[in-house]
Amino acid sequence: MNLQANDFELFGLPERFEQDLARIDERWKELQREAHPDRFAAQGAAAQRVAMQWSVRINEAYRRLKDPLKRAAYLCELRGAPVDAETNTAMPAEFLVEQMEWREALDEANTPEAVDRMHEQLVHARQAAVQRVRELLDKRGDAAGAAQQVRALMFIERFGRDVEARAEQLGQ
């Protein structure tokens with residue numbers, strides 16, 4: 001195993017957004033077996049520390065590869081278009097308008113049914129955003145465009161937590 005390998009190389013996966021999640025799980029288990037510190041007990045404490053570092057590295061890669069949002073952001077970074085969500089808030093104007101409409105609708109959502117409708121809208125918006133990310137990364141090779149979509153997806157995820165909080169307020 002190469003400590004300098006990116007997550008996809010480490011897991012022996014193609015460097016693309018679309019992944020076989022079962023294959024990621026399978027490969028994670030294989031890598032964890034190979035790097036487990038107990039396998040290196042006879043080689044001493046130094047070998048066990050290195051194995052522990054590998055285990056941490058494998059787990060970090062696993063978490064990034066399994067999560068579509070993290071995987072997309074990682075791919076954008078690998079392709080020279082970091083998401084930089086903390087400093088880059090550029091979004092398409094239509095998405096900004098949609099955000100404002102969602103915020104207003106959530107402020108006015110005073111029934112469980114209204115919150116359910118908001119949740120359903122977000123599920124569809126998330127699916128559409130993930131599909132756009134897939135298209136931009138895997139088919140068009142447009143990492144900068146994908147980075148913008150990843151920022152939109154991050155907003156959708158955060159807003160989804162606000163919708164869940166409103167549902168809890170209404171006793172759902």
# chains A, B, ... in the order shown; residues from 1 in each chain; ligands from 1

call {"tool": "residues_around", "arguments": {"residues": "Asp20 (chain A)", "least_positions_apart": "5", "cutoff": "10 Å", "atoms": "only C-alpha atoms", "output": "PyMOL selection string"}}
result
chain A and resi 13+25+66

call {"tool": "closest_atom_pairs", "arguments": {"of": "region 57-96 of chain A", "to": "region 27-31 of chain A", "cutoff": "12 Å", "atoms": "only C-alpha atoms", "output": "JSON lines"}}
result
{"residue": "A:Arg57", "atom": "CA", "partner": "A:Leu31", "partner_atom": "CA", "distance": 10.3}
{"residue": "A:Ile58", "atom": "CA", "partner": "A:Leu31", "partner_atom": "CA", "distance": 7.1}
{"residue": "A:Asn59", "atom": "CA", "partner": "A:Trp28", "partner_atom": "CA", "distance": 7.8}
{"residue": "A:Glu60", "atom": "CA", "partner": "A:Trp28", "partner_atom": "CA", "distance": 10.5}
{"residue": "A:Ala61", "atom": "CA", "partner": "A:Trp28", "partner_atom": "CA", "distance": 8.9}
{"residue": "A:Tyr62", "atom": "CA", "partner": "A:Trp28", "partner_atom": "CA", "distance": 6.5}
{"residue": "A:Arg63", "atom": "CA", "partner": "A:Trp28", "partner_atom": "CA", "distance": 10.0}
{"residue": "A:Arg64", "atom": "CA", "partner": "A:Trp28", "partner_atom": "CA", "distance": 11.8}
{"residue": "A:Leu65", "atom": "CA", "partner": "A:Trp28", "partner_atom": "CA", "distance": 10.2}
{"residue": "A:Lys66", "atom": "CA", "partner": "A:Trp28", "partner_atom": "CA", "distance": 10.3}

call {"tool": "residues_around", "arguments": {"residues": "region 67-71 of chain A", "least_positions_apart": "6", "cutoff": "8 Å", "atoms": "only C-alpha atoms", "output": "ChimeraX atom specification"}}
result
/A:17,130,150,153-154

call {"tool": "write_last_selection", "arguments": {"atoms": "C-alpha atoms", "output": "short mmCIF file (atom, residue, chain, number, x, y, z; two decimals), in the first residue's frame"}}
result
data_model
loop_
_atom_site.label_atom_id
_atom_site.label_comp_id
_atom_site.auth_asym_id
_atom_site.auth_seq_id
_atom_site.Cartn_x
_atom_site.Cartn_y
_atom_site.Cartn_z
CA PHE A 17 -18.23 9.76 -9.02
CA VAL A 130 -26.50 14.34 -7.28
CA VAL A 150 -21.47 20.31 -4.63
CA LEU A 153 -25.82 20.01 -2.47
CA MET A 154 -24.18 21.12 0.79
#

call {"tool": "residues_around", "arguments": {"residues": "Glu18 (chain A)", "least_positions_apart": "4", "cutoff": "9 Å", "atoms": "only C-alpha atoms", "output": "list in words"}}
result
Pro14, Pro68, Arg134 and Asp138 of chain A

call {"tool": "atom_distance", "arguments": {"atom1": "CA of Gln169 (chain A)", "atom2": "CA of Arg126 (chain A)"}}
result
23.2 Å

call {"tool": "atom_distance", "arguments": {"atom1": "CA of Arg103 (chain A)", "atom2": "CA of Phe155 (chain A)"}}
result
11.6 Å

call {"tool": "residues_around", "arguments": {"residues": "Phe40 (chain A)", "least_positions_apart": "6", "cutoff": "12 Å", "atoms": "only C-alpha atoms", "output": "list in words"}}
result
Arg33, Glu34, Ala46, Ala47, Gln48, Arg49, Val50, Ala51 and Met52 of chain A

call {"tool": "atom_distance", "arguments": {"atom1": "CA of Ala5 (chain A)", "atom2": "CA of Asp142 (chain A)"}}
result
22.8 Å

call {"tool": "closest_residue", "arguments": {"among": "A:Leu170, A:Asn2, A:Leu136, A:Gln149", "to": "Ala85 (chain A)", "atoms": "only C-alpha atoms"}}
result
A:Gln149

call {"tool": "closest_atom_pairs", "arguments": {"of": "region 15-122 of chain A", "to": "region 145-148 of chain A", "cutoff": "12 Å", "atoms": "only C-alpha atoms", "output": "CSV"}}
result
residue,atom,partner,partner_atom,distance
A:Phe17,CA,A:Ala146,CA,10.5
A:Leu69,CA,A:Ala147,CA,10.4
A:Lys70,CA,A:Ala147,CA,11.3
A:Arg71,CA,A:Ala147,CA,11.4
A:Ala72,CA,A:Ala146,CA,7.7
A:Ala73,CA,A:Ala147,CA,6.7
A:Tyr74,CA,A:Ala147,CA,9.7
A:Leu75,CA,A:Ala147,CA,9.1
A:Cys76,CA,A:Ala147,CA,5.9
A:Glu77,CA,A:Ala147,CA,8.5
A:Leu78,CA,A:Ala147,CA,11.3
A:Arg79,CA,A:Ala147,CA,10.1
A:Gly80,CA,A:Ala147,CA,10.0
A:Ala81,CA,A:Ala147,CA,6.5
A:Pro82,CA,A:Ala147,CA,6.7
A:Val83,CA,A:Ala147,CA,4.9
A:Asp84,CA,A:Ala147,CA,8.5
A:Ala85,CA,A:Ala147,CA,9.0
A:Asn88,CA,A:Gln148,CA,9.0
A:Thr89,CA,A:Gln148,CA,8.5
A:Ala90,CA,A:Gln148,CA,7.0
A:Met91,CA,A:Gln148,CA,6.4
A:Pro92,CA,A:Gln148,CA,8.2
A:Ala93,CA,A:Gln148,CA,11.8
A:Phe95,CA,A:Gln148,CA,10.7

call {"tool": "select_by_dssp", "arguments": {"residues": "region 33-146 of chain A", "states": "alpha helix (DSSP H)", "output": "NGL selection string"}}
result
:A and (33-35 or 45-66 or 68-78 or 93-108 or 112-134 or 143-146)

call {"tool": "closest_residue", "arguments": {"among": "A:Gly171, A:Arg158, A:Lys139, A:Val163", "to": "Glu104 (chain A)", "atoms": "only C-alpha atoms"}}
result
A:Val163

call {"tool": "residues_around", "arguments": {"residues": "Val115 (chain A)", "least_positions_apart": "2", "cutoff": "12 Å", "atoms": "only C-alpha atoms", "output": "ChimeraX atom specification"}}
result
/A:102-103,105-113,117-122,160-172

call {"tool": "write_last_selection", "arguments": {"atoms": "N, CA, C and O atoms", "output": "short mmCIF file (atom, residue, chain, number, x, y, z; two decimals), in the first residue's frame"}}
result
data_model
loop_
_atom_site.label_atom_id
_atom_site.label_comp_id
_atom_site.auth_asym_id
_atom_site.auth_seq_id
_atom_site.Cartn_x
_atom_site.Cartn_y
_atom_site.Cartn_z
N TRP A 102 -37.48 28.39 -0.41
CA TRP A 102 -37.51 27.31 0.57
C TRP A 102 -37.52 27.87 1.99
O TRP A 102 -38.26 27.39 2.85
N ARG A 103 -36.69 28.87 2.24
CA ARG A 103 -36.61 29.47 3.57
C ARG A 103 -37.97 30.06 3.96
O ARG A 103 -38.44 29.87 5.09
N ALA A 105 -40.91 29.23 2.75
CA ALA A 105 -41.86 28.13 2.93
C ALA A 105 -41.66 27.46 4.28
O ALA A 105 -42.63 27.09 4.96
N LEU A 106 -40.41 27.29 4.69
CA LEU A 106 -40.14 26.66 5.98
C LEU A 106 -40.62 27.55 7.12
O LEU A 106 -41.20 27.06 8.09
N ASP A 107 -40.41 28.86 6.98
CA ASP A 107 -40.89 29.80 8.00
C ASP A 107 -42.41 29.72 8.15
O ASP A 107 -42.94 29.90 9.24
N GLU A 108 -43.10 29.46 7.05
CA GLU A 108 -44.56 29.41 7.05
C GLU A 108 -45.11 28.02 7.32
O GLU A 108 -46.33 27.85 7.47
N ALA A 109 -44.25 27.02 7.36
CA ALA A 109 -44.70 25.63 7.56
C ALA A 109 -45.10 25.42 9.01
O ALA A 109 -44.27 25.25 9.89
N ASN A 110 -46.40 25.41 9.23
CA ASN A 110 -46.92 25.30 10.60
C ASN A 110 -47.67 24.00 10.84
O ASN A 110 -48.26 23.82 11.90
N THR A 111 -47.67 23.11 9.85
CA THR A 111 -48.34 21.83 10.01
C THR A 111 -47.39 20.71 9.61
O THR A 111 -46.48 20.91 8.79
N PRO A 112 -47.60 19.53 10.15
CA PRO A 112 -46.76 18.39 9.74
C PRO A 112 -46.84 18.14 8.23
O PRO A 112 -45.83 17.77 7.61
N GLU A 113 -47.99 18.36 7.64
CA GLU A 113 -48.15 18.12 6.19
C GLU A 113 -47.28 19.10 5.40
O GLU A 113 -46.67 18.71 4.40
N ARG A 117 -44.16 18.12 2.90
CA ARG A 117 -44.01 18.60 1.52
C ARG A 117 -42.62 19.20 1.30
O ARG A 117 -41.99 18.97 0.27
N MET A 118 -42.14 19.95 2.29
CA MET A 118 -40.79 20.52 2.21
C MET A 118 -39.76 19.40 2.11
O MET A 118 -38.84 19.46 1.31
N HIS A 119 -39.93 18.40 2.95
CA HIS A 119 -38.99 17.28 2.95
C HIS A 119 -38.98 16.58 1.59
O HIS A 119 -37.93 16.25 1.05
N GLU A 120 -40.16 16.37 1.05
CA GLU A 120 -40.26 15.72 -0.27
C GLU A 120 -39.58 16.56 -1.35
O GLU A 120 -38.89 16.02 -2.22
N GLN A 121 -39.76 17.87 -1.30
CA GLN A 121 -39.10 18.76 -2.26
C GLN A 121 -37.59 18.62 -2.16
O GLN A 121 -36.89 18.57 -3.17
N LEU A 122 -37.11 18.56 -0.93
CA LEU A 122 -35.66 18.44 -0.73
C LEU A 122 -35.12 17.11 -1.23
O LEU A 122 -34.02 17.06 -1.77
N GLY A 160 -31.93 20.55 4.86
CA GLY A 160 -32.65 19.35 5.27
C GLY A 160 -32.65 19.17 6.78
O GLY A 160 -33.66 18.76 7.37
N ARG A 161 -31.55 19.53 7.42
CA ARG A 161 -31.49 19.46 8.89
C ARG A 161 -32.44 20.49 9.51
O ARG A 161 -33.07 20.22 10.54
N ASP A 162 -32.57 21.66 8.86
CA ASP A 162 -33.52 22.67 9.36
C ASP A 162 -34.96 22.17 9.23
O ASP A 162 -35.79 22.41 10.11
N VAL A 163 -35.24 21.48 8.15
CA VAL A 163 -36.58 20.92 7.94
C VAL A 163 -36.86 19.85 9.01
O VAL A 163 -37.95 19.81 9.59
N GLU A 164 -35.87 19.02 9.30
CA GLU A 164 -36.03 18.01 10.35
C GLU A 164 -36.28 18.66 11.71
O GLU A 164 -37.11 18.19 12.49
N ALA A 165 -35.55 19.75 11.97
CA ALA A 165 -35.75 20.46 13.24
C ALA A 165 -37.17 21.01 13.33
O ALA A 165 -37.80 20.96 14.40
N ARG A 166 -37.67 21.54 12.22
CA ARG A 166 -39.05 22.06 12.22
C ARG A 166 -40.03 20.92 12.47
O ARG A 166 -41.01 21.08 13.20
N ALA A 167 -39.79 19.77 11.87
CA ALA A 167 -40.66 18.61 12.08
C ALA A 167 -40.68 18.24 13.57
O ALA A 167 -41.75 17.94 14.12
N GLU A 168 -39.51 18.27 14.21
CA GLU A 168 -39.44 17.96 15.65
C GLU A 168 -40.22 18.99 16.47
O GLU A 168 -40.89 18.64 17.42
N GLN A 169 -40.14 20.27 16.06
CA GLN A 169 -40.87 21.31 16.76
C GLN A 169 -42.38 21.06 16.70
O GLN A 169 -43.11 21.37 17.63
N LEU A 170 -42.82 20.51 15.56
CA LEU A 170 -44.25 20.26 15.38
C LEU A 170 -44.66 18.90 15.92
O LEU A 170 -45.79 18.46 15.74
N GLY A 171 -43.72 18.20 16.57
CA GLY A 171 -44.04 16.93 17.19
C GLY A 171 -44.10 15.74 16.24
O GLY A 171 -44.81 14.78 16.53
N GLN A 172 -43.40 15.81 15.14
CA GLN A 172 -43.41 14.69 14.19
C GLN A 172 -42.39 13.66 14.59
O GLN A 172 -41.36 13.89 15.06
#
